[in-house]
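I have placed the structure first, in the form of structure tokens, so that the comments after it can refer back to it.
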Amino acid sequence: MKFGGTSVGKPERMHHIAGLVTKETEPVIVVLSALSGTTNALVEIGEHISKGDRGGAKQCIDKLEAHYQAFITELVKKEESLAKAKAIIAEHFEFLNIILKISFSEALSKDILAQGELLSTKLFCVYLEEQGISHLLLPALEFMTIDSYDEPQIGSIKVKLTQLVQQHKDKKIFVTQGYICRNARGEVDNLKRGGSDYSASLIAAAINASVCEIWTDIDGMHNNDPRVVKKTVPVEQMSFDEAAELAYFGAKILHPASIWPAQTYKIPVRLLNTMQPEAKGTLITEEAGSVGVKAVAAKDNIIAIRIKSSRMLLAYGFLRKIFEVFEKYRTPIDMITTSEVAVSLTIDNDTNLKSILKELEPFGTVELDKNQTIISVVGNEIAQTEDMVKKLFGSIMNIPVRMVSYGGSPHNISLLIAAEYKTQILQQLNKGMFGLE
Ligand code: ADP
Ligand code: ASP
Ligand code: MG
């Protein structure tokens, strides 16, 4: 059972999730995010320190500490528990204050980011203890590891986690941190923003769980982005493939990589609403449940690159040479379309953009479009669904489309548009494809 930031963000929510956890008959591993707002605050602290603005960092640290001090006065009642919670806060904020004095490094910034999940899990355990609920804190840094390519080491996670759990067969509730891990150098690292979902899926896979429950602030995966479109509805059932496409292409409810571990190990995933536990939510398994469109999602900050060359005409090996450049700079390509004389592709990681462009130059004319958005229409066998293409393009005729990707996956049709049209296109698709206004 993974609970996100808003699900643990208030003392009464922590009380509530303790109720949800103790209702379970099977043993559970509870994966917690940091309290909502904490990771953002820690990012800000790191940014201040990296710029040498220690005063700014100190202000953020003090503000965050005050938030936690207020939080614990409502989290626990007994003097003894309050003292324990205070000691935990003191330990972690002392750490942040020490960091202020050390010269900044990438590794140090990861240490800063880890404080959120360390705090939330420890404070939750103090509450469980006060309530007399038997439990055990499993430190994620003891089992969650990534390799030198930042890929989770599922094999070793499995061995270490199984060992830890088996040493405590008497326990039914295990609590652990989402998001944080150790990297190949043994340093504290993380699974990128929103990574607690990924932790939960990895843990569920490693332990062969009967289900991986992602508890959040909405009743499942909706048919469209509720932050952008007013009327959206939850999707009751979808396949791993559909969920993975939606997560990867921008549905924030799931971390982009969070589906593959559950899918590989055939663990059903449920998306549930902490504020409304009786709601059905979304069940994600091998079965799509139905054919046709399920949902649309948008992925921002996309860069489109077009390489035009008459040398591409009837040539072989041209695409390989282009792909090799992206491989060299470890930059994933999301969309690709080709004609006889040009290839367009998109990336979202601009870390090595300059070098990539330089190496592409010898292949032809290179054009760049920044600030693009990928709109993905996702659904089981969507490409073969009758009238789908007509409905899709019929509803967005007034919007200029830069690229279309159809047929790459039977479950996805992607469009590339300029970011300024995002809201409009999501709204028009909501009406055109789902009949929702
Ligand atoms: P948590 O802190 O629990 O991980 P997140 O904020 O990361 O929660 O994810 C939940 C949010 O994802 C929702 O509040 C919603 O605004 C957003 N979201 C974006 N797209 C979708 C979608 N298709 N279905 C449901 N929620 C979505
Ligand atoms: N706390 C981390 C974040 O805000 C991880 C998560 O919430 O999933 O990105
Ligand atoms: Mg999240």
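Residues are referred to by chain and number: the chain letter is A, B, ... according to the order shown in the structure tokens, the number counts from 1 in that chain, and ligands are numbered separately from 1 in the order shown.
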Practice prompt. With only C-alpha atoms and all ligand atoms counted, collect every polymer residue having an atom within 10 Å of ligand 1; state the result as a PyMOL selection string.
Written response: chain A and resi 2-9+32-37+193-197+214-229+232-235+243+246-247+249-255+271-274+281-282+294-298
Practice prompt. Could you give me, as a list in words, the residues within 9 Å of Ile157 in chain A, counting only C-alpha atoms and dropping anything in the same chain fewer than 2 positions from it?
Written response: Phe143, Met144, Thr145, Pro152, Gln153, Ile154, Gly155, Val159, Lys160, Leu161, Thr162, Leu202, Ile203 and Ala206 of chain A
Practice prompt. Skip Arg330 in chain A itself and residues of its chain fewer than 5 positions away, then list as a PyMOL selection string all residues within 12 Å of it, counting only C-alpha atoms.
Written response: chain A and resi 149-150+323-325+347-353+355-356
Could the residues in this selection be saved with N, CA and C atoms as a PDB file, in the first residue's frame?
ATOM      1  N   TYR A 149      23.456   2.767 -14.297  1.00  0.00           N
ATOM      2  CA  TYR A 149      22.586   3.423 -15.295  1.00  0.00           C
ATOM      3  C   TYR A 149      21.280   3.898 -14.671  1.00  0.00           C
ATOM      4  N   ASP A 150      21.238   3.946 -13.343  1.00  0.00           N
ATOM      5  CA  ASP A 150      20.043   4.354 -12.595  1.00  0.00           C
ATOM      6  C   ASP A 150      18.883   3.368 -12.719  1.00  0.00           C
ATOM      7  N   PHE A 323      20.243   7.258 -34.731  1.00  0.00           N
ATOM      8  CA  PHE A 323      19.933   6.679 -33.420  1.00  0.00           C
ATOM      9  C   PHE A 323      21.186   6.536 -32.560  1.00  0.00           C
ATOM     10  N   GLU A 324      22.308   6.238 -33.212  1.00  0.00           N
ATOM     11  CA  GLU A 324      23.548   6.053 -32.453  1.00  0.00           C
ATOM     12  C   GLU A 324      23.943   7.320 -31.691  1.00  0.00           C
ATOM     13  N   VAL A 325      23.617   8.472 -32.288  1.00  0.00           N
ATOM     14  CA  VAL A 325      23.941   9.730 -31.599  1.00  0.00           C
ATOM     15  C   VAL A 325      23.153   9.819 -30.285  1.00  0.00           C
ATOM     16  N   ILE A 347      12.468  14.349 -28.089  1.00  0.00           N
ATOM     17  CA  ILE A 347      13.139  13.976 -26.842  1.00  0.00           C
ATOM     18  C   ILE A 347      12.609  14.890 -25.725  1.00  0.00           C
ATOM     19  N   ASP A 348      12.732  14.452 -24.466  1.00  0.00           N
ATOM     20  CA  ASP A 348      12.334  15.368 -23.402  1.00  0.00           C
ATOM     21  C   ASP A 348      13.508  15.721 -22.491  1.00  0.00           C
ATOM     22  N   ASN A 349      14.632  15.086 -22.748  1.00  0.00           N
ATOM     23  CA  ASN A 349      15.799  15.328 -21.923  1.00  0.00           C
ATOM     24  C   ASN A 349      16.798  16.178 -22.720  1.00  0.00           C
ATOM     25  N   ASP A 350      16.968  17.435 -22.309  1.00  0.00           N
ATOM     26  CA  ASP A 350      17.830  18.329 -23.094  1.00  0.00           C
ATOM     27  C   ASP A 350      19.241  18.469 -22.521  1.00  0.00           C
ATOM     28  N   THR A 351      19.590  17.563 -21.592  1.00  0.00           N
ATOM     29  CA  THR A 351      20.907  17.656 -20.939  1.00  0.00           C
ATOM     30  C   THR A 351      22.038  17.726 -21.958  1.00  0.00           C
ATOM     31  N   ASN A 352      21.955  16.876 -22.996  1.00  0.00           N
ATOM     32  CA  ASN A 352      23.061  16.818 -23.962  1.00  0.00           C
ATOM     33  C   ASN A 352      22.670  17.349 -25.331  1.00  0.00           C
ATOM     34  N   LEU A 353      21.663  18.220 -25.344  1.00  0.00           N
ATOM     35  CA  LEU A 353      21.109  18.684 -26.623  1.00  0.00           C
ATOM     36  C   LEU A 353      22.179  19.280 -27.544  1.00  0.00           C
ATOM     37  N   SER A 355      25.443  18.824 -27.736  1.00  0.00           N
ATOM     38  CA  SER A 355      26.333  17.820 -28.331  1.00  0.00           C
ATOM     39  C   SER A 355      25.583  16.991 -29.356  1.00  0.00           C
ATOM     40  N   ILE A 356      24.329  16.651 -29.062  1.00  0.00           N
ATOM     41  CA  ILE A 356      23.541  15.847 -30.002  1.00  0.00           C
ATOM     42  C   ILE A 356      23.396  16.604 -31.327  1.00  0.00           C
TER      43      ILE A 356
END
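Between CA of Lys86 in chain A and CA of Gln69 in chain A the separation is 7.4 Å.
Ranking A:Asp387, A:Asp241, A:Asp53, A:Glu286 by their shortest atom-to-atom distance to Phe104 in chain A, with only C-alpha atoms included, puts A:Asp53 first.
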Practice prompt. Pick out each residue of range 92-281 of chain A that DSSP on the backbone tags as strand (DSSP E); I need them as a PyMOL selection string.
Written response: chain A and resi 136-138+173-177+180-182+188-190+212-216+237-239+269-273
